[in-house]
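Coordinates as given in coords34.cif (mmCIF, C-alpha atoms and all ligand atoms):
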```cif
data_structure
#
loop_
_atom_site.label_atom_id
_atom_site.label_comp_id
_atom_site.auth_asym_id
_atom_site.auth_seq_id
_atom_site.Cartn_x
_atom_site.Cartn_y
_atom_site.Cartn_z
CA MET A 1 2.53 12.68 15.67
CA LYS A 2 0.03 12.30 12.85
CA ASN A 3 1.52 12.65 9.36
CA THR A 4 -0.47 14.97 7.13
CA VAL A 5 -0.28 16.65 3.73
CA LEU A 6 1.59 19.46 5.47
CA THR A 7 4.18 17.29 7.23
CA LEU A 8 4.89 15.45 3.95
CA LEU A 9 5.42 18.79 2.20
CA GLN A 10 7.70 19.91 5.03
CA GLN A 11 9.70 16.70 4.67
CA LYS A 12 10.38 17.57 1.01
CA GLN A 13 11.41 21.10 1.98
CA ASN A 14 13.72 19.76 4.74
CA GLU A 15 15.11 16.99 2.49
CA ASP A 16 13.86 14.45 5.02
CA LYS A 17 12.97 11.35 2.97
CA ILE A 18 9.36 10.18 3.12
CA THR A 19 8.78 6.51 3.88
CA MET A 20 5.67 4.79 2.54
CA LEU A 21 4.73 1.10 2.61
CA THR A 22 1.61 -0.70 1.51
CA ALA A 23 -0.70 -2.41 3.99
CA TYR A 24 -4.06 -4.05 3.51
CA ASP A 25 -5.07 -5.29 6.97
CA TYR A 26 -5.29 -4.21 10.62
CA THR A 27 -2.39 -6.26 12.02
CA THR A 28 0.18 -5.27 9.40
CA ALA A 29 -0.92 -1.63 9.48
CA ALA A 30 -0.44 -1.55 13.26
CA ILE A 31 3.14 -2.91 12.96
CA ILE A 32 4.08 -0.56 10.12
CA ASP A 33 2.57 2.40 11.98
CA GLU A 34 4.36 1.48 15.21
CA CYS A 35 7.69 1.48 13.30
CA GLY A 36 7.05 5.10 12.35
CA VAL A 37 6.53 4.85 8.59
CA ASN A 38 5.21 8.23 7.37
CA SER A 39 2.50 6.96 5.07
CA ILE A 40 0.60 3.74 4.42
CA LEU A 41 -0.71 3.06 0.94
CA VAL A 42 -3.70 0.75 0.67
CA GLY A 43 -2.71 -0.06 -2.88
CA ASP A 44 -4.88 -1.78 -5.43
CA SER A 45 -1.86 -4.12 -5.57
CA LEU A 46 -4.01 -5.91 -2.98
CA GLY A 47 -5.64 -7.54 -5.99
CA MET A 48 -2.39 -9.42 -6.60
CA VAL A 49 -0.79 -9.84 -3.17
CA MET A 50 -3.96 -10.38 -1.10
CA LEU A 51 -6.53 -11.72 -3.56
CA GLY A 52 -4.36 -13.64 -6.03
CA TYR A 53 -5.43 -11.85 -9.23
CA GLU A 54 -3.01 -11.55 -12.14
CA ASN A 55 -3.15 -7.75 -12.10
CA THR A 56 -4.97 -4.87 -10.36
CA LEU A 57 -7.83 -4.56 -12.86
CA PRO A 58 -10.47 -6.73 -11.10
CA VAL A 59 -10.22 -4.80 -7.79
CA THR A 60 -13.53 -3.16 -6.80
CA MET A 61 -14.50 -0.16 -4.68
CA GLU A 62 -15.91 -2.60 -2.10
CA ASP A 63 -12.52 -4.38 -1.89
CA MET A 64 -10.75 -1.05 -1.41
CA ILE A 65 -13.16 0.23 1.25
CA HIS A 66 -13.04 -3.07 3.17
CA HIS A 67 -9.22 -3.13 3.31
CA THR A 68 -8.82 0.63 3.86
CA ALA A 69 -11.16 0.51 6.86
CA ALA A 70 -9.09 -2.33 8.38
CA VAL A 71 -5.85 -0.36 7.86
CA SER A 72 -7.42 2.79 9.36
CA ARG A 73 -8.30 0.85 12.51
CA GLY A 74 -4.67 -0.29 12.83
CA ALA A 75 -2.72 2.87 11.98
CA ARG A 76 -2.67 5.96 14.20
CA ASN A 77 0.04 8.21 12.85
CA ALA A 78 0.68 7.22 9.26
CA PHE A 79 -0.93 9.28 6.48
CA ILE A 80 -3.31 6.76 4.91
CA VAL A 81 -3.64 6.83 1.13
CA ALA A 82 -6.23 4.60 -0.56
CA ASP A 83 -6.01 3.66 -4.22
CA MET A 84 -8.97 4.38 -6.46
CA PRO A 85 -9.45 1.09 -8.35
CA PHE A 86 -9.69 0.69 -12.13
CA MET A 87 -12.88 2.29 -13.52
CA SER A 88 -13.80 4.05 -10.29
CA TYR A 89 -12.68 7.47 -11.64
CA GLN A 90 -12.06 7.17 -15.39
CA ALA A 91 -15.68 7.29 -16.63
CA SER A 92 -16.74 10.65 -15.19
CA VAL A 93 -15.70 13.43 -12.86
CA GLU A 94 -18.86 12.97 -10.78
CA GLN A 95 -18.17 9.25 -10.32
CA ALA A 96 -14.58 10.07 -9.31
CA VAL A 97 -15.69 12.54 -6.62
CA GLN A 98 -18.29 10.14 -5.24
CA ASN A 99 -15.88 7.22 -5.05
CA ALA A 100 -13.09 9.35 -3.54
CA GLY A 101 -15.59 10.45 -0.88
CA ARG A 102 -16.44 6.84 -0.06
CA LEU A 103 -12.78 5.96 0.57
CA ILE A 104 -12.61 8.83 3.08
CA LYS A 105 -16.05 8.38 4.73
CA GLU A 106 -16.31 4.58 4.77
CA GLY A 107 -12.61 3.63 4.62
CA GLY A 108 -11.17 6.33 6.89
CA ALA A 109 -8.42 7.23 4.38
CA ASN A 110 -6.65 10.61 4.57
CA ALA A 111 -6.15 10.83 0.79
CA VAL A 112 -6.86 8.94 -2.41
CA LYS A 113 -4.48 7.96 -5.20
CA LEU A 114 -5.31 7.71 -8.87
CA GLU A 115 -3.26 6.91 -11.95
CA GLY A 116 -2.64 9.15 -14.93
CA GLY A 117 -1.58 12.64 -16.00
CA ALA A 118 -3.34 15.18 -18.24
CA GLU A 119 -6.30 12.85 -18.79
CA VAL A 120 -7.27 12.79 -15.09
CA CYS A 121 -6.58 16.43 -14.17
CA GLU A 122 -10.28 17.29 -14.24
CA GLN A 123 -10.92 14.48 -11.75
CA ILE A 124 -8.03 15.61 -9.51
CA ARG A 125 -9.31 19.20 -9.48
CA ALA A 126 -12.87 18.14 -8.62
CA ILE A 127 -11.80 15.69 -5.87
CA VAL A 128 -9.50 18.30 -4.29
CA ASN A 129 -12.36 20.85 -4.50
CA ALA A 130 -14.43 18.35 -2.52
CA SER A 131 -11.73 18.58 0.23
CA VAL A 132 -10.10 15.22 -0.48
CA PRO A 133 -6.30 15.24 -0.91
CA VAL A 134 -5.14 13.45 -4.06
CA VAL A 135 -1.87 11.61 -4.65
CA ALA A 136 -1.19 11.21 -8.37
CA HIS A 137 0.64 8.25 -9.94
CA LEU A 138 2.76 8.50 -13.12
CA GLY A 139 5.07 6.25 -15.13
CA LEU A 140 4.42 2.52 -15.00
CA THR A 141 0.79 2.85 -13.95
CA PRO A 142 -0.38 -0.76 -13.43
CA GLN A 143 -4.02 -0.06 -14.40
CA SER A 144 -2.71 0.65 -17.94
CA VAL A 145 -0.96 -2.74 -18.21
CA ASN A 146 -2.95 -3.65 -21.34
CA VAL A 147 -1.99 -0.38 -23.05
CA PHE A 148 1.70 -0.79 -22.15
CA GLY A 149 1.69 -4.47 -23.24
CA GLY A 150 3.08 -5.58 -19.87
CA PHE A 151 4.73 -4.13 -16.77
CA LYS A 152 7.43 -2.18 -18.64
CA VAL A 153 9.69 0.71 -17.61
CA GLN A 154 8.24 3.99 -18.92
CA GLY A 155 9.76 7.31 -20.06
CA LYS A 156 12.77 5.92 -21.89
CA SER A 157 12.29 7.84 -25.14
CA ARG A 158 12.63 11.62 -25.31
CA GLU A 159 8.93 12.12 -26.21
CA LYS A 160 7.71 9.84 -23.41
CA ALA A 161 10.04 11.50 -20.89
CA GLU A 162 8.82 14.96 -21.97
CA LYS A 163 5.21 13.82 -21.62
CA LEU A 164 5.91 12.57 -18.08
CA ILE A 165 7.46 15.90 -17.07
CA LYS A 166 4.48 17.75 -18.56
CA ASP A 167 2.03 15.42 -16.79
CA ALA A 168 3.81 15.93 -13.46
CA LEU A 169 3.47 19.71 -13.77
CA LEU A 170 -0.18 19.37 -14.79
CA ILE A 171 -1.21 17.13 -11.88
CA GLN A 172 0.57 19.50 -9.49
CA GLU A 173 -1.29 22.44 -11.04
CA ALA A 174 -4.57 20.48 -10.69
CA GLY A 175 -3.98 20.24 -6.93
CA ALA A 176 -2.30 16.87 -6.26
CA CYS A 177 -0.52 16.86 -2.88
CA ALA A 178 2.13 14.28 -3.93
CA VAL A 179 2.94 11.99 -6.83
CA VAL A 180 4.08 8.39 -7.00
CA LEU A 181 6.64 7.85 -9.77
CA GLU A 182 6.78 4.19 -10.73
CA GLY A 183 9.14 2.35 -13.08
CA ILE A 184 10.93 5.28 -14.72
CA PRO A 185 14.66 6.04 -15.17
CA ALA A 186 16.28 7.53 -12.05
CA LYS A 187 17.58 10.61 -13.89
CA LEU A 188 14.10 11.42 -15.20
CA ALA A 189 12.64 11.05 -11.68
CA GLU A 190 15.35 13.43 -10.45
CA ILE A 191 14.37 16.06 -13.04
CA ILE A 192 10.68 15.73 -12.10
CA THR A 193 11.49 15.89 -8.37
CA LYS A 194 13.45 19.12 -8.87
CA LYS A 195 10.69 20.71 -10.95
CA LEU A 196 7.88 20.01 -8.46
CA TYR A 197 7.20 21.60 -5.10
CA ILE A 198 4.98 18.63 -4.11
CA PRO A 199 6.80 15.45 -2.93
CA THR A 200 7.64 12.66 -5.35
CA ILE A 201 7.50 9.13 -3.96
CA GLY A 202 9.41 6.63 -6.03
CA ILE A 203 9.08 2.93 -6.69
CA GLY A 204 11.63 1.77 -9.22
CA ALA A 205 12.48 5.44 -9.84
CA GLY A 206 15.86 5.86 -8.11
CA ASN A 207 16.91 7.60 -4.94
CA ALA A 208 16.53 11.24 -5.95
CA CYS A 209 12.80 11.08 -5.21
CA ASP A 210 11.56 12.76 -2.03
CA GLY A 211 10.45 9.39 -0.68
CA GLN A 212 10.13 5.69 -1.45
CA VAL A 213 7.27 3.22 -1.46
CA LEU A 214 7.36 -0.58 -1.61
CA VAL A 215 4.78 -3.34 -1.45
CA TYR A 216 5.42 -4.86 1.97
CA GLN A 217 5.15 -8.48 0.80
CA ASP A 218 7.93 -7.79 -1.73
CA MET A 219 10.33 -6.10 0.71
CA LEU A 220 9.75 -8.69 3.44
CA GLY A 221 10.23 -11.73 1.20
CA LEU A 222 6.62 -12.88 1.29
CA THR A 223 6.11 -13.11 -2.47
CA ASN A 224 7.08 -16.05 -4.64
CA GLY A 225 8.84 -15.94 -7.99
CA SER A 226 11.21 -13.34 -9.34
CA ALA A 227 10.69 -9.80 -8.07
CA PRO A 228 11.25 -6.69 -10.20
CA LYS A 229 14.78 -5.21 -10.23
CA PHE A 230 13.80 -2.35 -7.89
CA VAL A 231 12.66 -4.64 -5.05
CA LYS A 232 15.15 -4.97 -2.21
CA ARG A 233 14.37 -7.79 0.24
CA PHE A 234 14.96 -6.22 3.65
CA ALA A 235 14.00 -9.44 5.47
CA ASP A 236 12.98 -13.03 4.69
CA VAL A 237 9.74 -13.22 6.64
CA GLY A 238 8.51 -15.98 4.31
CA ALA A 239 11.33 -18.25 5.55
CA VAL A 240 10.50 -17.46 9.20
CA MET A 241 6.82 -18.24 8.56
CA ARG A 242 7.65 -21.55 6.87
CA GLN A 243 9.93 -22.50 9.75
CA GLY A 244 7.21 -21.73 12.32
CA ILE A 245 4.47 -23.53 10.39
CA ASN A 246 6.64 -26.64 9.90
CA ALA A 247 7.49 -26.69 13.63
CA TYR A 248 3.76 -26.47 14.45
CA ILE A 249 2.96 -29.39 12.11
CA ASN A 250 5.73 -31.56 13.56
CA GLU A 251 4.94 -30.85 17.21
CA THR A 252 1.19 -31.32 16.71
CA LYS A 253 1.72 -34.66 14.96
CA SER A 254 4.11 -35.87 17.67
CA GLY A 255 1.82 -34.68 20.51
CA GLU A 256 4.53 -32.41 21.90
CA PHE A 257 2.14 -29.48 21.38
CA PRO A 258 0.16 -28.49 23.38
CA SER A 259 2.36 -29.24 26.43
CA GLU A 260 1.19 -28.40 29.98
CA GLU A 261 2.37 -24.83 29.61
CA TYR A 262 -0.36 -24.26 26.98
CA THR A 263 -3.13 -26.21 28.77
CA TYR A 264 -5.82 -25.19 31.30
CA SER A 265 -6.18 -27.17 34.54
CA VAL A 266 -9.04 -27.98 36.89
CA SER A 267 -8.95 -29.36 40.45
CA GLU A 268 -8.28 -33.09 40.78
CA ASP A 269 -11.38 -33.43 43.06
CA ILE A 270 -13.68 -32.29 40.29
CA ILE A 271 -12.05 -34.65 37.83
CA ARG A 272 -12.49 -37.58 40.27
CA GLU A 273 -16.18 -36.66 40.67
CA LEU A 274 -16.67 -36.35 36.93
CA SER A 275 -15.06 -39.73 36.28
CA GLY A 276 -17.19 -41.41 38.99
CA GLU A 277 -14.27 -42.17 41.31
CA GLU A 278 -15.82 -40.59 44.45
CA GLU A 279 -14.92 -42.26 47.82
O1 LIG A 301 -1.02 -0.47 -5.68
C1 LIG A 301 0.10 -0.21 -5.24
O2 LIG A 301 0.63 -0.88 -4.33
C2 LIG A 301 0.81 0.92 -5.82
C3 LIG A 301 2.28 1.02 -5.52
C4 LIG A 301 3.01 0.01 -6.30
C5 LIG A 301 2.78 2.38 -5.74
O3 LIG A 301 0.25 1.68 -6.52
#
```

Represent the structure contained in this file as structure tokens.
Amino acid sequence: MKNTVLTLLQQKQNEDKITMLTAYDYTTAAIIDECGVNSILVGDSLGMVMLGYENTLPVTMEDMIHHTAAVSRGARNAFIVADMPFMSYQASVEQAVQNAGRLIKEGGANAVKLEGGAEVCEQIRAIVNASVPVVAHLGLTPQSVNVFGGFKVQGKSREKAEKLIKDALLIQEAGACAVVLEGIPAKLAEIITKKLYIPTIGIGAGNACDGQVLVYQDMLGLTNGSAPKFVKRFADVGAVMRQGINAYINETKSGEFPSEEYTYSVSEDIIRELSGEEE
């Protein structure tokens, strides 16, 4: 069954946790979708995990459309959310509506996600009025990395926590259908979750949220270096890949691969003729 804005809302009402994972390509989206994940986020984290940038800021609309279209071809039932990249919605409301429309028309997304609270409510209202569902994103919003001075937990002071609660109510009032809460204290996420009727989807925001989202490379052990505290490695796919690639190298070098099992044959008569050994 296709997941929609309505089924996600029902999940919150029924206290049935929403599962969301990122994907950026056809093959991974098909696997995630087949497993029954409720929603796939084509995150602008693709800048880091797919394109090797230091942060999400260089990601373009063309990058997002390209990867969203691939995910849409692979996923049948998941609710597909595409990130609006840095500077695709901040400069004007008109630009925001046009770019949101492109992610739906050209990328095949079911909704768009943008970062920010009060300052982007006008954009959220206009995009929703254009019939595009919007997922908001509050807390440690990676496009603001230069303002935060790094990827730091947000909402730890009373004023900052109050601002986050206010922002959550404002984006809901502007028409957002869900909100991602990233890198905030669990108790604050719990307060926000209780105050909102739209679902909250947490990443580094504790387990009181209505759902969880993770970057799939992080949770499958495909990223190098130290992961943030909130990342649980559910599998070590990186180790399995290394094992397979090393076996391929060794067997190719030794000539063991490709054995007969992986080789096409032709009749011996034809081979004799071709090598000039006719009787
Ligand atoms: O870009 C992304 O993957 C995200 C998640 C971390 C929520 O925004």

(message) Neighbouring residues of ligand LIG 301 (chain A) are defined here as those with any atom at most 7 Å from a ligand atom, counting only C-alpha atoms and all ligand atoms; list them as a ChimeraX atom specification.
(response) /A:22,41-46,83,180,182,203,213-215

(message) I'd like the interatomic distance between atom CA of Thr193 of chain A and atom CA of Gly175 of chain A, to a tenth of an Å.
(response)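 Pair atom CA of Thr193 of chain A / atom CA of Gly175 of chain A returns 16.1 Å.
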
(message) Counting all atoms listed in the file, which residue out of A:Val37, A:Ala23, A:Ala174, A:Ala161 sits closest to Glu190 of chain A?
(response)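 For Glu190 of chain A, the nearest of the candidates is A:Ala161.
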
(request) Can you work out which one of A:Arg242, A:Lys113, A:Lys187, A:His66 has the shortest atom-to-atom distance to Phe86 of chain A, counting only C-alpha atoms? (result)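 Closest candidate: A:Lys113.
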
(message) Between atom CA of Met61 of chain A and atom CA of Asn38 of chain A, what distance in Å does the model show, to one decimal?
(response)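 These two atoms are separated by 24.6 Å.
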
(message) I'd like the contact shell of segment 4-15 of chain A - 7 Å cut-off, all atoms listed in the file, skipping same-chain residues fewer than 6 positions apart - returned as a PyMOL selection string.
(response) chain A and resi 79+177+198-199+210
